[in-house]
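Data block for coords32.txt (compact mmCIF, C-alpha atoms):
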# COMPACT_ATOMS: atom_id res chain seq x y z
CA MET X 1 46.61 41.40 135.52
CA ILE X 2 47.53 41.23 131.83
CA ARG X 3 45.10 43.85 130.53
CA GLY X 4 47.60 46.70 130.60
CA LEU X 5 50.21 44.69 128.74
CA PHE X 6 47.68 43.71 126.11
CA ARG X 7 46.60 47.31 125.53
CA ARG X 8 50.19 48.51 125.28
CA TRP X 9 51.12 46.02 122.57
CA ARG X 10 47.72 45.81 120.84
CA GLY X 11 47.10 42.12 121.06
CA PRO X 12 49.31 40.27 118.58
CA ALA X 13 52.47 41.01 120.55
CA VAL X 14 51.08 39.45 123.73
CA ARG X 15 52.42 35.97 124.31
CA ILE X 16 51.03 33.62 126.92
CA ALA X 17 53.22 30.58 127.42
CA GLN X 18 51.74 27.30 126.17
CA GLU X 19 52.27 25.81 129.59
CA ARG X 20 50.17 28.60 131.13
CA TRP X 21 47.36 27.97 128.65
CA ARG X 22 47.49 24.25 129.43
CA GLN X 23 47.39 24.90 133.18
CA VAL X 24 44.35 27.13 132.89
CA GLU X 25 42.53 24.91 130.41
CA SER X 26 43.11 21.81 132.57
CA GLY X 27 40.52 23.29 134.91
CA LEU X 28 38.04 23.66 132.04
CA PRO X 29 37.52 20.09 130.77
CA PHE X 30 34.47 21.08 128.70
CA LEU X 31 36.86 22.71 126.23
CA GLY X 32 38.11 19.25 125.28
CA HIS X 33 35.86 18.94 122.23
CA LEU X 34 37.42 21.93 120.49
CA ALA X 35 39.46 21.34 117.34
CA PRO X 36 43.02 22.76 117.42
CA GLU X 37 42.09 25.75 115.26
CA GLU X 38 39.07 26.47 117.48
CA ARG X 39 41.24 26.42 120.58
CA VAL X 40 43.61 28.93 119.00
CA ARG X 41 40.66 31.15 118.11
CA LEU X 42 39.24 30.89 121.62
CA ARG X 43 42.54 31.91 123.18
CA GLN X 44 42.79 34.95 120.93
CA LEU X 45 39.23 36.00 121.75
CA ALA X 46 40.01 35.62 125.46
CA LEU X 47 42.97 37.98 125.18
CA GLU X 48 40.88 40.48 123.24
CA LEU X 49 38.11 40.34 125.87
CA ILE X 50 40.63 40.98 128.63
CA ALA X 51 41.90 44.00 126.73
CA GLU X 52 38.51 45.46 125.92
CA LYS X 53 36.82 45.24 129.31
CA GLU X 54 37.45 47.05 132.58
CA TRP X 55 38.35 44.37 135.15
CA HIS X 56 38.02 44.87 138.90
CA GLY X 57 38.72 42.56 141.80
CA ALA X 58 36.25 43.15 144.66
CA ARG X 59 36.80 42.68 148.40
CA GLY X 60 40.57 42.48 147.97
CA LEU X 61 40.58 39.78 145.29
CA VAL X 62 43.75 39.91 143.22
CA LEU X 63 43.01 39.29 139.55
CA THR X 64 45.93 37.11 138.58
CA GLU X 65 46.75 36.15 135.02
CA ALA X 66 45.31 32.68 135.60
CA VAL X 67 42.02 34.04 136.98
CA GLN X 68 41.53 36.41 134.07
CA LEU X 69 42.42 33.81 131.47
CA SER X 70 40.04 31.25 132.98
CA ILE X 71 37.14 33.69 133.09
CA ALA X 72 37.84 35.03 129.61
CA LEU X 73 38.08 31.56 128.04
CA GLN X 74 34.72 30.60 129.53
CA ALA X 75 33.12 33.91 128.58
CA CYS X 76 34.32 33.63 124.99
CA LEU X 77 33.22 30.03 124.45
CA PRO X 78 29.60 31.04 123.68
CA VAL X 79 30.78 33.63 121.13
CA LEU X 80 33.49 31.47 119.58
CA LYS X 81 31.61 31.43 116.27
CA LEU X 82 29.75 34.73 116.81
CA GLY X 83 32.52 37.20 117.64
CA LEU X 84 33.09 39.72 120.41
CA ASP X 85 30.66 42.23 118.89
CA TRP X 86 28.04 40.34 120.88
CA TYR X 87 29.68 41.69 124.04
CA ARG X 88 29.79 45.31 122.91
CA GLY X 89 27.93 48.08 124.70
CA TRP X 90 29.17 47.51 128.25
CA LEU X 91 32.58 47.53 129.94
CA GLY X 92 32.84 46.17 133.46
CA ILE X 93 33.70 42.72 134.78
CA VAL X 94 33.74 42.66 138.59
CA VAL X 95 35.04 39.51 140.29
CA TYR X 96 34.34 38.65 143.92
CA PRO X 97 36.11 36.06 146.09
CA GLY X 98 33.11 33.77 146.56
CA ASP X 99 29.46 34.71 146.71
CA PHE X 100 28.39 38.26 147.49
CA VAL X 101 25.38 40.28 148.61
CA ILE X 102 23.28 42.65 146.52
CA PRO X 103 20.73 44.91 148.29
CA ARG X 104 17.25 44.52 146.78
CA GLN X 105 13.98 46.43 146.94
CA VAL X 106 10.60 44.96 146.05
CA MET X 107 7.13 46.47 146.23
CA ASP X 108 4.27 44.28 147.40
CA ASP X 109 0.69 44.42 146.13
CA ALA X 110 -0.20 46.98 148.81
CA GLY X 111 2.50 49.35 147.61
CA PHE X 112 4.91 48.79 150.49
CA VAL X 113 8.62 48.60 149.63
CA HIS X 114 10.58 45.79 151.26
CA GLU X 115 14.36 45.80 151.41
CA TYR X 116 16.52 42.71 151.77
CA ASP X 117 19.99 41.38 151.05
CA ASP X 118 20.25 38.81 148.26
CA THR X 119 23.26 36.47 148.31
CA VAL X 120 24.24 35.62 144.75
CA LEU X 121 26.99 33.95 142.72
CA GLY X 122 26.74 36.30 139.78
CA GLU X 123 24.65 38.90 138.05
CA ALA X 124 24.54 40.61 134.67
CA TRP X 125 23.17 44.14 134.43
CA GLU X 126 21.59 45.42 131.25
CA GLY X 127 24.04 47.96 129.82
CA GLY X 128 26.22 47.52 132.89
CA PRO X 129 28.83 45.17 134.28
CA VAL X 130 28.95 41.44 134.78
CA LEU X 131 29.43 40.48 138.43
CA LEU X 132 31.05 37.10 139.04
CA SER X 133 32.10 34.94 141.96
CA TRP X 134 35.48 33.30 141.76
CA PHE X 135 36.26 30.03 143.51
CA ASP X 136 39.70 28.45 143.52
CA GLU X 137 38.01 25.03 143.47
CA ALA X 138 35.30 24.56 140.84
CA ASP X 139 33.16 22.32 143.06
CA GLU X 140 32.73 25.22 145.51
CA ALA X 141 30.32 26.76 142.98
CA GLY X 142 27.97 23.81 143.38
CA GLY X 143 28.23 22.53 139.83
CA ILE X 144 27.22 25.87 138.32
CA ASN X 145 29.18 27.53 135.55
CA ILE X 146 28.80 31.09 136.74
CA VAL X 147 30.68 32.63 133.82
CA ILE X 148 28.77 30.97 130.99
CA HIS X 149 25.52 31.61 132.84
CA GLU X 150 26.04 35.36 133.27
CA PHE X 151 27.49 35.90 129.82
CA ALA X 152 24.49 34.05 128.35
CA HIS X 153 22.36 36.71 130.02
CA LYS X 154 24.44 39.35 128.22
CA LEU X 155 23.67 37.68 124.89
CA ASP X 156 19.99 37.57 125.84
CA MET X 157 20.12 41.32 126.64
CA LYS X 158 21.22 42.17 123.11
CA SER X 159 17.52 42.37 122.28
CA GLY X 160 16.49 44.22 125.47
CA PRO X 161 15.75 43.03 129.01
CA ALA X 162 16.62 39.35 129.48
CA ASP X 163 13.64 37.21 128.53
CA GLY X 164 15.16 34.03 127.10
CA LEU X 165 14.99 35.26 123.51
CA PRO X 166 18.29 36.69 122.22
CA PRO X 167 18.51 38.18 118.72
CA LEU X 168 18.24 35.24 116.34
CA HIS X 169 20.41 34.85 113.26
CA PRO X 170 19.01 35.14 109.75
CA GLY X 171 17.45 31.84 108.81
CA MET X 172 16.50 30.94 112.38
CA SER X 173 12.80 30.68 113.19
CA ARG X 174 11.42 32.75 116.05
CA ARG X 175 8.40 30.41 116.11
CA LEU X 176 10.54 27.29 116.48
CA TRP X 177 12.71 28.91 119.16
CA ILE X 178 9.73 30.01 121.26
CA GLY X 179 8.00 26.67 120.78
CA ALA X 180 11.04 24.65 121.85
CA PHE X 181 11.89 26.79 124.85
CA ALA X 182 8.33 27.36 126.07
CA ALA X 183 7.50 23.65 126.07
CA ALA X 184 10.77 22.71 127.78
CA PHE X 185 10.44 25.50 130.34
CA GLU X 186 6.92 24.44 131.32
CA ASP X 187 8.01 20.82 131.63
CA PHE X 188 11.07 21.77 133.67
CA ARG X 189 9.15 24.10 135.94
CA ALA X 190 6.54 21.40 136.58
CA CYS X 191 9.30 18.98 137.57
CA VAL X 192 10.86 21.50 139.94
CA ASP X 193 7.50 22.52 141.43
CA SER X 194 6.67 18.87 142.13
CA ARG X 195 10.07 18.51 143.81
CA GLU X 196 11.29 15.93 141.33
CA GLU X 197 15.03 15.37 141.19
CA THR X 198 16.35 17.25 138.16
CA VAL X 199 19.67 16.60 136.44
CA LEU X 200 19.79 20.20 135.28
CA ASP X 201 20.09 23.16 137.64
CA PRO X 202 16.61 23.80 139.14
CA TYR X 203 17.33 27.53 139.13
CA GLY X 204 16.34 27.42 135.50
CA ALA X 205 12.70 27.20 136.61
CA GLU X 206 12.83 30.78 137.96
CA SER X 207 12.04 32.46 134.63
CA PRO X 208 12.50 32.06 130.86
CA ALA X 209 15.66 34.18 131.12
CA GLU X 210 17.18 31.91 133.76
CA PHE X 211 16.10 28.86 131.79
CA PHE X 212 17.99 30.11 128.74
CA ALA X 213 21.11 30.76 130.85
CA VAL X 214 20.95 27.36 132.57
CA MET X 215 20.36 25.57 129.26
CA SER X 216 23.34 27.44 127.81
CA GLU X 217 25.49 26.18 130.66
CA ALA X 218 24.35 22.64 129.96
CA PHE X 219 24.85 23.03 126.22
CA PHE X 220 28.55 23.67 126.69
CA GLU X 221 29.29 21.61 129.82
CA ASN X 222 26.92 18.63 129.46
CA PRO X 223 25.72 18.64 125.86
CA SER X 224 24.67 14.98 125.75
CA LEU X 225 22.62 15.46 128.91
CA LEU X 226 20.81 18.46 127.46
CA HIS X 227 20.26 16.67 124.16
CA ASP X 228 18.69 13.72 125.96
CA GLN X 229 16.46 15.93 128.14
CA TYR X 230 15.38 18.60 125.65
CA PRO X 231 16.53 17.82 122.10
CA ASP X 232 14.55 20.69 120.56
CA VAL X 233 16.22 23.18 122.89
CA TYR X 234 19.60 21.67 122.05
CA GLU X 235 18.89 22.12 118.34
CA GLN X 236 17.96 25.78 118.78
CA LEU X 237 21.10 26.44 120.81
CA ARG X 238 23.17 24.63 118.20
CA LEU X 239 21.83 27.00 115.58
CA PHE X 240 22.23 30.07 117.77
CA TYR X 241 25.76 29.39 119.04
CA ARG X 242 26.79 27.83 115.71
CA GLN X 243 28.49 25.05 117.63
CA ASP X 244 27.70 21.39 118.25
CA PRO X 245 29.68 20.38 121.37
CA GLY X 246 27.79 17.10 121.68
CA HIS X 247 29.20 15.70 118.43

Can you present the structure in this file as structure tokens?
Amino acid sequence: MIRGLFRRWRGPAVRIAQERWRQVESGLPFLGHLAPEERVRLRQLALELIAEKEWHGARGLVLTEAVQLSIALQACLPVLKLGLDWYRGWLGIVVYPGDFVIPRQVMDDAGFVHEYDDTVLGEAWEGGPVLLSWFDEADEAGGINIVIHEFAHKLDMKSGPADGLPPLHPGMSRRLWIGAFAAAFEDFRACVDSREETVLDPYGAESPAEFFAVMSEAFFENPSLLHDQYPDVYEQLRLFYRQDPGH
């Protein structure tokens, strides 16, 4: 772990070898569109995130330098032009070796409480930690970017419980955001419900909050695909993230 070193020397004195950065970033090909100055900025934000958060490896997972750098780079990509203030108000990042189980309780219409174990890849808690699965091979996650997904939820939660509507910047239109996302969500949910093959993760049909997180994944990992499928959603995300990875 590099967090302790970073805290001791207050950031600027920390030096990660260029070869180490290249090794980590080789596993994150969606960073390829970044300009050189943006890549430098992203690396600095990643180091600051590592320093500011409390990191824990669960079930014996050792948080190596490479693991932390990879997670932090992905987590900071959405706030590259927004700043780390968007991740203020919570501290913990808990990383599991693979998927993990969260006990759930639900009450049915008759008032009975049912308990069950939910196997998940990640979860973001309002005001609490981000829980993440770590896989040594990216394809083990099934094509899902767990980090961007869960940190998108954290951005969403800046305005309260996750609902697919994060705090919008001055000049952005709440009406246009809701219109773009509502229409796309209904279309996407209809496709999933009819069992059509979808090129985007069908988990996005679960709720507006999950749709926002899945669309955020696509915005950074497959921008041209998202632009082709839902151009109005792409435009709103371009305005929100202040980035245009598809161009």

Which residues come within 8 Å of stretch 85-91 of chain X, counting all atoms listed in the file, excluding same-chain residues fewer than 3 positions away, as a PyMOL selection string?
chain X and resi 52-54+79+82+127-129+154-155+158

Next, dump the selected residues to file, keeping only C-alpha atoms, as a tab-separated table (two decimals), keeping the file's coordinate frame.
chain	number	residue	atom	x	y	z
X	52	GLU	CA	38.51	45.46	125.92
X	53	LYS	CA	36.82	45.24	129.31
X	54	GLU	CA	37.45	47.05	132.58
X	79	VAL	CA	30.78	33.63	121.13
X	82	LEU	CA	29.75	34.73	116.81
X	127	GLY	CA	24.04	47.96	129.82
X	128	GLY	CA	26.22	47.52	132.89
X	129	PRO	CA	28.83	45.17	134.28
X	154	LYS	CA	24.44	39.35	128.22
X	155	LEU	CA	23.67	37.68	124.89
X	158	LYS	CA	21.22	42.17	123.11

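Interatomic distance, atom CA of X:Phe240 against atom CA of X:Val94: 26.9 Å.
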
So that I can check the surroundings of X:Gly27, please list as a VMD selection string every protein, DNA and RNA residue that reaches within 12 Å of it, counting all atoms listed in the file and ignoring chain neighbours fewer than 3 positions away.
chain X and resid 20 to 24 30 to 32 66 to 67 69 to 71 73 to 74 135 to 139

Using C-alpha atoms, can you write the selected residues to a file as a PDB file, in the coordinates of the input?
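So part_28.pdb came out as:
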ATOM      1  CA  ARG X  20      50.170  28.600 131.130  1.00  0.00           C
ATOM      2  CA  TRP X  21      47.360  27.970 128.650  1.00  0.00           C
ATOM      3  CA  ARG X  22      47.490  24.250 129.430  1.00  0.00           C
ATOM      4  CA  GLN X  23      47.390  24.900 133.180  1.00  0.00           C
ATOM      5  CA  VAL X  24      44.350  27.130 132.890  1.00  0.00           C
ATOM      6  CA  PHE X  30      34.470  21.080 128.700  1.00  0.00           C
ATOM      7  CA  LEU X  31      36.860  22.710 126.230  1.00  0.00           C
ATOM      8  CA  GLY X  32      38.110  19.250 125.280  1.00  0.00           C
ATOM      9  CA  ALA X  66      45.310  32.680 135.600  1.00  0.00           C
ATOM     10  CA  VAL X  67      42.020  34.040 136.980  1.00  0.00           C
ATOM     11  CA  LEU X  69      42.420  33.810 131.470  1.00  0.00           C
ATOM     12  CA  SER X  70      40.040  31.250 132.980  1.00  0.00           C
ATOM     13  CA  ILE X  71      37.140  33.690 133.090  1.00  0.00           C
ATOM     14  CA  LEU X  73      38.080  31.560 128.040  1.00  0.00           C
ATOM     15  CA  GLN X  74      34.720  30.600 129.530  1.00  0.00           C
ATOM     16  CA  PHE X 135      36.260  30.030 143.510  1.00  0.00           C
ATOM     17  CA  ASP X 136      39.700  28.450 143.520  1.00  0.00           C
ATOM     18  CA  GLU X 137      38.010  25.030 143.470  1.00  0.00           C
ATOM     19  CA  ALA X 138      35.300  24.560 140.840  1.00  0.00           C
ATOM     20  CA  ASP X 139      33.160  22.320 143.060  1.00  0.00           C
TER      21      ASP X 139
END

Counting only C-alpha atoms, which residues have an atom no more than 12 Å from (49.4, 32.7, 126.9) in the file's coordinates? Please list them as number ranges by chain.
X: 2, 6, 11-25, 40, 42-47, 65-66, 68-70, 73

Do you have the atom CA of X:Phe219-atom CA of X:Ile146 distance handy?
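Straight-line distance from atom CA of X:Phe219 to atom CA of X:Ile146 works out to 13.8 Å.
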
Enter the distance from atom CA of X:Asp228 to atom CA of X:His33, in Å, rounded to one decimal.
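Distance between the two atoms: 18.3 Å.
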
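Among the candidates X:Glu221, X:Gly179, X:Cys76, X:Ala124, the one nearest to X:Leu28 when counting only C-alpha atoms is X:Glu221.
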
Show me, as a ChimeraX atom specification, the residues that have an atom within 12 Å of X:Gln236 when counting only C-alpha atoms, minus same-chain residues fewer than 3 positions from it.
/X:165-166,168-169,171-181,184,212,215-216,219,226-227,230-233,239-244

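Closest approach to X:Val147 from the set X:Leu80, X:Ala51, X:Leu34, X:Ala72 is made by X:Ala72, with distances taken over only C-alpha atoms.
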